[in-house]
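K.L.:
Enclosed is the structure file model.txt (compact mmCIF, C-alpha atoms).
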# COMPACT_ATOMS: atom_id res chain seq x y z
CA MET A 1 90.34 148.40 133.62
CA SER A 2 88.16 146.40 131.24
CA LYS A 3 91.33 144.76 129.85
CA GLN A 4 92.30 143.67 133.37
CA LYS A 5 88.78 142.31 133.97
CA ASN A 6 89.06 140.39 130.72
CA VAL A 7 92.30 138.74 131.87
CA VAL A 8 90.82 137.84 135.28
CA LEU A 9 87.76 136.38 133.56
CA LYS A 10 89.99 134.33 131.25
CA LEU A 11 91.94 133.08 134.27
CA LEU A 12 88.76 132.06 136.07
CA ILE A 13 87.39 130.23 133.02
CA VAL A 14 90.67 128.38 132.54
CA ALA A 15 90.83 127.44 136.25
CA ALA A 16 87.21 126.20 136.34
CA PHE A 17 87.68 124.20 133.15
CA LEU A 18 90.85 122.59 134.45
CA VAL A 19 89.37 121.63 137.83
CA LEU A 20 86.52 119.95 135.96
CA LEU A 21 88.85 118.10 133.62
CA ILE A 22 91.29 116.93 136.29
CA ALA A 23 88.41 115.75 138.48
CA ASN A 24 86.95 113.67 135.64
CA SER A 25 90.24 112.65 134.11
CA SER A 26 89.79 108.90 133.78
CA THR A 27 86.11 108.75 132.84
CA ILE A 28 85.78 111.59 130.33
CA ILE A 29 89.26 112.18 129.02
CA SER A 30 90.48 108.68 128.19
CA PRO A 31 87.88 107.99 125.44
CA ILE A 32 88.33 111.52 124.02
CA ARG A 33 92.11 111.08 123.91
CA THR A 34 91.93 107.70 122.17
CA LYS A 35 89.39 108.97 119.60
CA LEU A 36 91.54 112.02 118.87
CA ILE A 37 94.66 109.91 118.44
CA ASP A 38 92.67 107.59 116.13
CA VAL A 39 91.84 110.62 113.96
CA MET A 40 95.42 111.95 114.15
CA SER A 41 97.00 108.56 113.38
CA ILE A 42 96.79 109.10 109.60
CA PRO A 43 98.67 112.47 109.47
CA LEU A 44 101.09 111.17 112.13
CA LYS A 45 101.82 108.10 110.02
CA THR A 46 102.44 110.29 106.96
CA LEU A 47 104.80 112.57 108.91
CA HIS A 48 106.61 109.59 110.38
CA GLY A 49 107.11 108.20 106.86
CA LEU A 50 108.55 111.52 105.66
CA CYS A 51 110.97 111.64 108.62
CA GLU A 52 112.09 108.09 107.86
CA ILE A 53 112.75 108.86 104.18
CA SER A 54 114.85 111.93 105.06
CA GLY A 55 116.83 109.85 107.58
CA ARG A 56 117.73 107.29 104.89
CA ILE A 57 119.64 109.82 102.79
CA ILE A 58 123.13 108.86 103.96
CA PRO A 59 126.60 109.27 102.45
CA PHE A 60 127.18 106.32 100.08
CA SER A 61 130.97 106.26 100.60
CA SER A 62 130.53 104.58 103.99
CA LEU A 63 128.32 101.80 102.58
CA LYS A 64 131.19 99.67 101.22
CA GLU A 65 132.95 99.56 104.60
CA GLU A 66 129.64 98.92 106.40
CA ASN A 67 128.87 96.06 104.00
CA LYS A 68 132.22 94.40 104.82
CA ILE A 69 131.57 94.63 108.58
CA LEU A 70 128.02 93.30 108.20
CA ARG A 71 129.21 90.29 106.15
CA ALA A 72 131.72 89.40 108.87
CA ARG A 73 128.97 89.72 111.44
CA ILE A 74 126.65 87.44 109.43
CA ASP A 75 129.34 84.72 109.43
CA LEU A 76 129.74 85.03 113.19
CA LEU A 77 125.98 84.97 113.79
CA ASN A 78 125.56 81.91 111.57
CA ARG A 79 128.10 80.05 113.69
CA GLN A 80 126.29 81.16 116.88
CA LEU A 81 122.96 80.08 115.38
CA GLU A 82 124.29 76.57 114.75
CA GLU A 83 125.60 76.36 118.34
CA SER A 84 122.25 77.65 119.59
CA LYS A 85 120.34 74.98 117.64
CA MET A 86 122.50 72.27 119.20
CA LEU A 87 121.95 73.70 122.69
CA THR A 88 118.18 73.99 122.16
CA ALA A 89 117.99 70.34 121.12
CA GLU A 90 120.09 69.32 124.12
CA ASN A 91 117.92 71.46 126.42
CA GLN A 92 114.74 69.87 125.07
CA ARG A 93 116.19 66.36 125.60
CA LEU A 94 117.09 67.18 129.22
CA LYS A 95 113.65 68.78 129.83
CA ASP A 96 111.99 65.61 128.50
CA ILE A 97 114.10 63.48 130.85
CA LEU A 98 113.18 65.69 133.87
CA GLY A 99 109.52 66.01 132.85
CA PHE A 100 109.56 69.86 132.62
CA LYS A 101 106.71 71.63 130.81
CA ASN A 102 107.53 74.21 128.12
CA ALA A 103 106.77 77.86 128.92
CA ALA A 104 103.63 79.09 127.22
CA ALA A 105 104.53 80.55 123.84
CA TYR A 106 102.97 83.83 122.81
CA SER A 107 102.06 85.24 119.44
CA THR A 108 102.61 88.88 118.52
CA ILE A 109 101.23 91.58 116.24
CA PRO A 110 103.82 93.92 114.70
CA ALA A 111 103.07 97.65 114.86
CA GLU A 112 104.84 100.81 113.75
CA VAL A 113 105.65 103.72 116.07
CA ILE A 114 104.00 106.86 114.67
CA GLY A 115 104.23 109.29 117.58
CA ARG A 116 106.05 109.99 120.82
CA ASP A 117 105.14 111.57 124.14
CA PRO A 118 105.45 115.37 124.04
CA SER A 119 105.85 115.58 127.83
CA ASN A 120 109.16 115.58 129.70
CA TRP A 121 107.63 113.71 132.62
CA SER A 122 105.97 110.73 130.98
CA ASN A 123 107.34 108.26 128.43
CA SER A 124 104.90 106.78 125.95
CA LEU A 125 104.58 105.89 122.27
CA ILE A 126 101.70 105.99 119.80
CA ILE A 127 101.43 102.94 117.48
CA ASP A 128 99.52 102.51 114.23
CA LYS A 129 97.52 99.45 115.30
CA GLY A 130 94.49 99.30 117.58
CA ALA A 131 91.64 97.11 118.78
CA LEU A 132 90.53 96.36 115.20
CA GLN A 133 93.89 94.72 114.44
CA GLY A 134 93.66 92.53 117.56
CA ILE A 135 95.75 94.58 120.03
CA LYS A 136 94.54 94.19 123.62
CA GLN A 137 94.77 96.63 126.51
CA ASN A 138 97.28 95.90 129.30
CA LYS A 139 99.23 93.39 127.23
CA ALA A 140 103.02 93.47 127.01
CA VAL A 141 104.84 95.13 124.14
CA ILE A 142 108.31 93.92 123.14
CA SER A 143 110.94 94.57 120.48
CA MET A 144 113.66 92.36 119.01
CA ARG A 145 115.99 93.60 121.78
CA GLY A 146 113.72 93.25 124.80
CA LEU A 147 110.77 94.56 126.79
CA VAL A 148 109.26 97.89 125.70
CA GLY A 149 106.18 98.38 127.90
CA ARG A 150 102.45 97.66 127.93
CA VAL A 151 99.36 98.86 126.06
CA LEU A 152 97.83 101.64 128.17
CA GLU A 153 95.12 103.25 126.01
CA LEU A 154 93.53 101.62 123.02
CA GLY A 155 91.62 103.15 120.11
CA ARG A 156 90.16 101.40 117.08
CA TYR A 157 93.12 102.17 114.80
CA SER A 158 95.85 103.26 117.25
CA GLY A 159 97.20 102.60 120.71
CA LYS A 160 99.31 104.23 123.38
CA ILE A 161 102.18 102.28 124.93
CA LEU A 162 103.37 103.03 128.46
CA LEU A 163 107.13 102.51 128.26
CA ILE A 164 109.06 100.76 131.04
CA THR A 165 111.02 104.03 131.41
CA ASP A 166 107.87 105.95 132.47
CA PRO A 167 107.77 106.85 136.19
CA ASN A 168 104.30 105.23 136.44
CA SER A 169 105.48 101.88 135.06
CA LYS A 170 106.11 98.95 137.42
CA VAL A 171 107.37 95.54 136.26
CA SER A 172 108.15 92.57 138.50
CA SER A 173 111.64 91.49 137.49
CA VAL A 174 114.52 89.19 138.42
CA ILE A 175 118.28 89.23 137.97
CA GLN A 176 118.94 86.42 135.48
CA ARG A 177 122.19 85.20 137.13
CA ASN A 178 121.01 84.73 140.74
CA ARG A 179 117.17 84.93 140.38
CA GLN A 180 117.10 87.86 142.84
CA GLY A 181 113.70 89.56 142.54
CA GLY A 182 112.65 93.20 142.62
CA ILE A 183 110.31 95.77 141.12
CA LEU A 184 111.46 97.73 138.09
CA VAL A 185 110.23 101.33 137.91
CA GLY A 186 110.86 103.96 135.22
CA ARG A 187 112.87 107.17 135.51
CA PRO A 188 112.44 110.37 133.46
CA ASP A 189 116.03 110.12 132.14
CA GLY A 190 115.22 107.04 130.04
CA LYS A 191 116.66 104.45 132.44
CA CYS A 192 114.94 102.19 135.00
CA LYS A 193 115.46 101.55 138.69
CA MET A 194 115.08 98.08 140.20
CA ILE A 195 113.94 98.51 143.80
CA TYR A 196 113.31 96.16 146.73
CA ILE A 197 116.48 94.09 146.12
CA ALA A 198 117.53 92.22 149.28
CA LEU A 199 120.55 93.76 151.06
CA ASP A 200 122.53 90.49 151.06
CA SER A 201 122.15 89.84 147.32
CA ASP A 202 125.24 90.00 145.12
CA VAL A 203 123.87 92.14 142.28
CA THR A 204 126.70 93.56 140.20
CA ARG A 205 127.22 95.82 137.22
CA GLY A 206 126.51 94.00 133.95
CA ASP A 207 123.92 91.58 135.39
CA ARG A 208 121.02 90.98 133.01
CA VAL A 209 117.50 91.77 134.24
CA ILE A 210 114.51 89.79 132.92
CA THR A 211 110.76 89.77 133.61
CA ALA A 212 109.63 87.62 136.55
CA GLY A 213 106.29 86.73 134.95
CA PHE A 214 104.12 87.47 138.01
CA GLY A 215 100.66 88.71 137.06
CA SER A 216 99.01 88.55 133.66
CA VAL A 217 100.68 91.43 131.83
CA PHE A 218 104.32 90.48 131.22
CA PRO A 219 105.32 86.92 130.24
CA ARG A 220 108.27 85.39 132.06
CA GLY A 221 111.87 85.62 130.85
CA ILE A 222 111.76 88.68 128.56
CA LEU A 223 115.05 90.60 128.63
CA ILE A 224 114.71 94.09 130.14
CA GLY A 225 118.26 95.38 130.33
CA GLU A 226 121.57 95.39 132.16
CA VAL A 227 122.50 96.64 135.61
CA GLU A 228 124.56 99.83 135.30
CA ASP A 229 124.94 100.77 138.95
CA VAL A 230 124.01 99.37 142.37
CA GLY A 231 123.33 101.44 145.50
CA LYS A 232 121.37 101.81 148.70
CA ASP A 233 119.16 104.69 149.77
CA PRO A 234 119.97 105.80 153.33
CA GLY A 235 117.48 104.50 155.88
CA LEU A 236 116.03 101.80 153.63
CA LEU A 237 116.40 98.07 154.11
CA TYR A 238 116.75 97.36 150.41
CA LYS A 239 119.28 97.89 147.66
CA TYR A 240 118.47 99.40 144.29
CA ALA A 241 119.99 98.93 140.84
CA ILE A 242 119.99 101.37 137.94
CA VAL A 243 119.10 99.39 134.81
CA ARG A 244 119.83 100.49 131.26
CA PRO A 245 117.07 99.04 129.01
CA SER A 246 118.38 96.73 126.28
CA GLN A 247 116.13 98.56 123.83
CA ASP A 248 116.93 102.24 123.31
CA MET A 249 113.39 103.66 123.42
CA THR A 250 114.35 106.81 121.47
CA LYS A 251 115.36 104.70 118.45
CA LEU A 252 112.33 102.44 118.47
CA GLU A 253 110.58 102.24 115.09
CA GLU A 254 108.63 98.94 115.25
CA VAL A 255 107.23 97.00 118.19
CA LEU A 256 105.60 93.60 118.73
CA CYS A 257 102.38 93.58 120.73
CA ILE A 258 101.71 90.32 122.55
CA LYS A 259 98.21 88.95 121.88
CA MET B 1 100.12 131.95 116.94
CA TYR B 2 98.19 128.69 116.67
CA PHE B 3 100.06 127.72 113.49
CA ILE B 4 103.40 128.04 115.36
CA LEU B 5 102.05 125.95 118.24
CA VAL B 6 100.84 123.21 115.86
CA ILE B 7 104.25 123.07 114.10
CA THR B 8 105.98 122.82 117.50
CA LEU B 9 103.62 120.02 118.59
CA VAL B 10 104.31 118.05 115.40
CA ILE B 11 108.09 118.35 115.99
CA HIS B 12 107.56 117.20 119.59
CA LEU B 13 105.56 114.15 118.47
CA THR B 14 107.83 113.05 115.64
CA VAL B 15 111.52 114.00 115.76
CA LEU B 16 112.31 115.44 119.19
CA ASP B 17 113.01 112.06 120.81
CA HIS B 18 115.84 111.49 118.32
CA ILE B 19 117.80 114.51 119.56
CA ARG B 20 117.89 113.67 123.27
CA ILE B 21 121.07 114.63 125.12
CA PHE B 22 121.85 112.80 128.41
CA GLY B 23 118.34 111.29 128.20
CA SER B 24 116.64 114.71 128.13
CA LYS B 25 114.81 116.51 125.38
CA PRO B 26 114.13 120.27 125.29
CA ASP B 27 110.68 121.58 126.19
CA LEU B 28 110.16 123.06 122.76
CA MET B 29 106.51 123.97 123.34
CA LEU B 30 107.41 126.21 126.23
CA ILE B 31 109.56 128.52 124.06
CA PRO B 32 106.73 129.98 121.92
CA VAL B 33 104.54 130.26 125.04
CA ILE B 34 107.21 132.40 126.76
CA PHE B 35 107.65 134.41 123.55
CA PHE B 36 103.92 135.15 123.17
CA GLY B 37 103.67 136.17 126.83
CA LEU B 38 106.76 138.39 126.68
CA PHE B 39 105.98 140.21 123.44
CA LEU B 40 102.20 140.02 122.98
CA GLY B 41 101.09 140.45 126.59
CA ARG B 42 99.83 138.35 129.47
CA GLY B 43 96.37 137.72 127.95
CA ILE B 44 97.84 136.21 124.76
CA GLY B 45 100.51 134.42 126.85
CA LEU B 46 97.79 132.82 128.95
CA GLU B 47 95.82 131.79 125.87
CA ALA B 48 98.90 130.40 124.08
CA GLY B 49 100.01 128.58 127.23
CA PHE B 50 96.62 127.03 127.73
CA ALA B 51 96.38 125.89 124.09
CA ALA B 52 99.94 124.49 124.03
CA GLY B 53 99.47 122.68 127.36
CA LEU B 54 96.12 121.28 126.29
CA ALA B 55 97.66 119.89 123.09
CA LYS B 56 100.44 118.32 125.16
CA ASP B 57 97.87 116.82 127.54
CA LEU B 58 95.97 115.21 124.68
CA PHE B 59 99.00 113.34 123.37
CA ALA B 60 100.78 112.59 126.67
CA ILE B 61 99.75 110.11 129.34
CA ASP B 62 99.86 112.66 132.13
CA PHE B 63 96.92 113.69 134.28
CA PHE B 64 94.76 115.62 131.89
CA GLY B 65 94.93 119.37 132.54
CA ILE B 66 98.30 119.45 134.30
CA ASN B 67 100.25 120.78 131.32
CA ALA B 68 97.42 123.16 130.34
CA SER B 69 97.34 124.75 133.80
CA ILE B 70 101.15 125.02 134.15
CA PHE B 71 101.68 126.42 130.65
CA ALA B 72 98.79 128.91 131.06
CA LEU B 73 100.40 130.15 134.29
CA ILE B 74 103.81 130.46 132.60
CA GLY B 75 102.35 132.34 129.61
CA TYR B 76 100.65 134.74 132.00
CA LEU B 77 103.80 135.23 134.14
CA ALA B 78 105.91 135.79 131.01
CA GLY B 79 103.46 138.57 130.08
CA VAL B 80 103.75 140.14 133.55
CA LEU B 81 107.58 139.98 133.44
CA GLY B 82 107.66 141.21 129.84
CA ALA B 83 106.21 144.53 130.97
CA MET B 84 108.94 144.91 133.63
CA LEU B 85 112.12 143.52 132.01
CA SER B 86 114.05 144.40 128.87
CA ARG B 87 112.41 141.65 126.87
CA GLU B 88 114.45 142.24 123.66
CA SER B 89 117.68 141.27 125.45
CA LYS B 90 118.90 137.78 124.52
CA LYS B 91 120.31 137.32 128.03
CA THR B 92 116.88 138.01 129.55
CA GLN B 93 115.19 135.66 127.11
CA SER B 94 117.61 132.78 127.84
CA LEU B 95 117.41 133.30 131.60
CA LEU B 96 113.61 133.33 131.42
CA ALA B 97 113.68 130.10 129.35
CA ILE B 98 115.80 128.42 132.07
CA LEU B 99 113.67 129.84 134.89
CA PHE B 100 110.32 128.90 133.34
CA THR B 101 111.48 125.40 132.35
CA ILE B 102 112.65 124.73 135.92
CA MET B 103 109.40 126.21 137.26
CA SER B 104 107.19 124.15 134.94
CA MET B 105 108.98 120.89 135.80
CA ILE B 106 108.93 121.54 139.57
CA LEU B 107 105.22 122.45 139.42
CA HIS B 108 104.62 119.29 137.40
CA PHE B 109 106.37 117.20 140.05
CA ILE B 110 104.35 118.86 142.85
CA LEU B 111 101.01 118.37 141.03
CA VAL B 112 101.76 114.72 140.19
CA SER B 113 102.73 114.16 143.84
CA VAL B 114 99.37 115.65 144.91
CA PHE B 115 97.32 113.45 142.55
CA LEU B 116 99.29 110.25 143.10
CA ASN B 117 99.75 108.85 146.58
CA ARG B 118 103.19 107.55 145.75
CA ILE B 119 105.62 108.35 142.93
CA ASN B 120 108.63 106.28 142.03
CA VAL B 121 111.05 109.15 141.52
CA ASN B 122 112.52 111.25 144.31
CA PHE B 123 112.95 114.98 143.77
CA GLY B 124 116.78 114.99 143.97
CA GLU B 125 117.03 112.39 141.20
CA TYR B 126 114.46 114.21 139.08
CA LEU B 127 116.32 117.53 139.51
CA ALA B 128 119.71 116.11 138.54
CA SER B 129 118.67 113.72 135.79
CA SER B 130 115.87 115.66 134.16
CA ILE B 131 115.17 119.25 135.29
CA ILE B 132 118.67 120.72 134.93
CA PRO B 133 119.58 119.12 131.55
CA THR B 134 116.14 119.99 130.12
CA ALA B 135 116.36 123.61 131.34
CA VAL B 136 119.84 124.12 129.86
CA TYR B 137 118.85 122.42 126.59
CA THR B 138 115.68 124.50 126.30
CA ALA B 139 117.56 127.75 127.04
CA ILE B 140 120.18 127.01 124.35
CA LEU B 141 117.48 126.24 121.76
CA SER B 142 115.46 129.28 122.81
CA ILE B 143 118.15 131.68 121.44
CA PRO B 144 117.68 130.87 117.70
CA ILE B 145 113.93 130.22 118.11
CA PHE B 146 113.32 133.58 119.82
CA ALA B 147 115.38 135.32 117.09
CA LYS B 148 113.32 133.61 114.36
CA LEU B 149 110.02 134.44 116.08
CA GLN B 150 111.13 138.07 116.56
CA ASP B 151 111.85 138.28 112.82
CA LEU B 152 108.48 136.72 112.09
CA PHE B 153 106.64 139.19 114.30
CA ASN B 154 108.87 142.16 113.27
CA ILE B 155 110.30 142.72 116.76
CA ARG B 156 113.79 144.27 116.91
CA SER B 157 116.47 142.71 119.10
CA SER B 158 118.52 144.93 121.46
CA GLU B 159 121.65 142.73 121.34
CA GLU B 160 123.27 141.18 118.32
CA TYR B 161 125.37 138.71 120.29
CA PHE B 162 124.78 136.83 123.46
Represent the structure of the file as structure tokens.
P.N.:
Amino acid sequence: MSKQKNVVLKLLIVAAFLVLLIANSSTIISPIRTKLIDVMSIPLKTLHGLCEISGRIIPFSSLKEENKILRARIDLLNRQLEESKMLTAENQRLKDILGFKNAAAYSTIPAEVIGRDPSNWSNSLIIDKGALQGIKQNKAVISMRGLVGRVLELGRYSGKILLITDPNSKVSSVIQRNRQGGILVGRPDGKCKMIYIALDSDVTRGDRVITAGFGSVFPRGILIGEVEDVGKDPGLLYKYAIVRPSQDMTKLEEVLCIK
Amino acid sequence: MYFILVITLVIHLTVLDHIRIFGSKPDLMLIPVIFFGLFLGRGIGLEAGFAAGLAKDLFAIDFFGINASIFALIGYLAGVLGAMLSRESKKTQSLLAILFTIMSMILHFILVSVFLNRINVNFGEYLASSIIPTAVYTAILSIPIFAKLQDLFNIRSSEEYF
């Protein structure tokens, strides 16, 4: 009987504690979480380093073949770079003639990913840089391949990034080809869904999706991903598109935080 | 118990994202919670569930307390079922892993829907793209993990093969 009472008491304590925590989630918990992650950032960084070292032990026999492929790719990229330089110069000349202003450039702070979200619902990353290194809350985070997310919680030495694949993430976006706008939301399976696309728009598979630049968080023109599928929910007056992010979030090791 | 939970949390935070299949990763922290409930009783299951969920809440961006409450409930239920079922059977263990993973994810969806006025994912999509793959993945991984934990806690298995 006393054992049963003990269990009931434990249940009651747990329930009371949880009600209190959930009710005060944003005011009490956020600073505690960021402080804890600040403290944990050192062991997390060490563990991340160890994982990286173990991942680098690869069979050397494949290196020769890989080297050959990479050299061929470098030649191709060099040619593309030259073409790109010519096009940039031409673009600048035409902009000068038309009197266009250049888009505001942004500077970035590189940071290393040291931890990932343990939940199956949310999608976030922990980085090794915080407020002391100049990272700012609610600023966009990108990678070399495209948009990653935004800074959600910020500690002194670490930060938490809300990925664009998180169900709570919303990004105003446009289809690059036809400038059709929509809102990009995250899905738990690691993809995104672009909603509120006009019914008469000709969005097709393979279209590139970029940021629209509305609001102060995401600069304009950052690549998000490619349309994988287009559909329409019954009863709604809009189309939707399933977007595969250009950056595979599970393989992300370094990010660039926009200042 | 706490040492096992800490090891599981570290794996969750560091390497688990690299072994996603169809965009889903297993709910590794749920497996020891079910184990502790099944074999050490509902009180320990509740305690383990609460601790594991709380750790998850600290590192995730969820509403704080959601994982702690769901995992505590699952630890407790595993303890209740452990007294009624043949808990040494591998079939029972895998079925419970599927059942509890589905239950935890559905409860999570319901609680998030209660706290948020609007969520961007509909239940059908969530079920197909996340709940089912995660439940199957967790159940498959639960077989070797349960066997290892049984060895660690000196609990004999009733079936050699699943």
K.L.:
Give me, as a compact mmCIF listing (two decimals) with C-alpha atoms, in the frame of the given file, the residues of chain B touching chain A, with the criterion being at most 8 Å (counting all atoms listed in the file).
P.N.:
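Written output follows (out_39.txt):
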# COMPACT_ATOMS: atom_id res chain seq x y z
CA LEU B 9 103.62 120.02 118.59
CA HIS B 12 107.56 117.20 119.59
CA LEU B 13 105.56 114.15 118.47
CA THR B 14 107.83 113.05 115.64
CA VAL B 15 111.52 114.00 115.76
CA ASP B 17 113.01 112.06 120.81
CA HIS B 18 115.84 111.49 118.32
CA ARG B 20 117.89 113.67 123.27
CA PHE B 22 121.85 112.80 128.41
CA GLY B 23 118.34 111.29 128.20
CA SER B 24 116.64 114.71 128.13
CA LYS B 25 114.81 116.51 125.38
CA ASP B 27 110.68 121.58 126.19
CA ARG B 42 99.83 138.35 129.47
CA GLY B 43 96.37 137.72 127.95
CA LEU B 46 97.79 132.82 128.95
CA PHE B 50 96.62 127.03 127.73
CA LYS B 56 100.44 118.32 125.16
CA LEU B 58 95.97 115.21 124.68
CA PHE B 59 99.00 113.34 123.37
CA ALA B 60 100.78 112.59 126.67
CA ILE B 61 99.75 110.11 129.34
CA ASP B 62 99.86 112.66 132.13
CA PHE B 63 96.92 113.69 134.28
CA PHE B 64 94.76 115.62 131.89
CA GLY B 65 94.93 119.37 132.54
CA ILE B 66 98.30 119.45 134.30
CA ALA B 68 97.42 123.16 130.34
CA SER B 69 97.34 124.75 133.80
CA MET B 105 108.98 120.89 135.80
CA HIS B 108 104.62 119.29 137.40
CA ILE B 119 105.62 108.35 142.93
CA ASN B 120 108.63 106.28 142.03
CA VAL B 121 111.05 109.15 141.52
CA TYR B 126 114.46 114.21 139.08
CA SER B 129 118.67 113.72 135.79
CA SER B 130 115.87 115.66 134.16
K.L.:
Hey, what's within 10 Å of Ser104 (chain B) if we count only C-alpha atoms and toss same-chain stuff fewer than 2 positions away? As a list of chain:residue names, please?
P.N.:
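Surrounding residues, per the criterion: B:Asp27, B:Leu30, B:Asn67, B:Ser69, B:Ile70, B:Phe71, B:Leu73, B:Ile74, B:Leu99, B:Phe100, B:Thr101, B:Ile102, B:Ile106, B:Leu107, B:His108, B:Phe109, B:Ile110, B:Ile131, B:Ala135.
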K.L.:
For a test of reading the model, state the distance in Å between CA of Ala198 (chain A) and CA of Asp233 (chain A), rounded to one decimal.
P.N.:
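Here the two named atoms are 12.6 Å from each other.
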K.L.:
CA of Val136 (chain B) and CA of Ala97 (chain B) are how many Å apart?
P.N.:
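Computing the Euclidean distance for CA of Val136 (chain B) and CA of Ala97 (chain B) yields 8.6 Å.
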K.L.:
So what do you get for CA of Gly49 (chain B) versus CA of Ile34 (chain B), distance-wise?
P.N.:
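Computing the Euclidean distance for CA of Gly49 (chain B) and CA of Ile34 (chain B) yields 8.2 Å.
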K.L.:
Could you pull the residues within 6 Å of Asp207 (chain A), counting only C-alpha atoms, minus those fewer than 3 positions along the same chain, as a list in words?
P.N.:
Thr204, Glu226 and Val227 of chain A
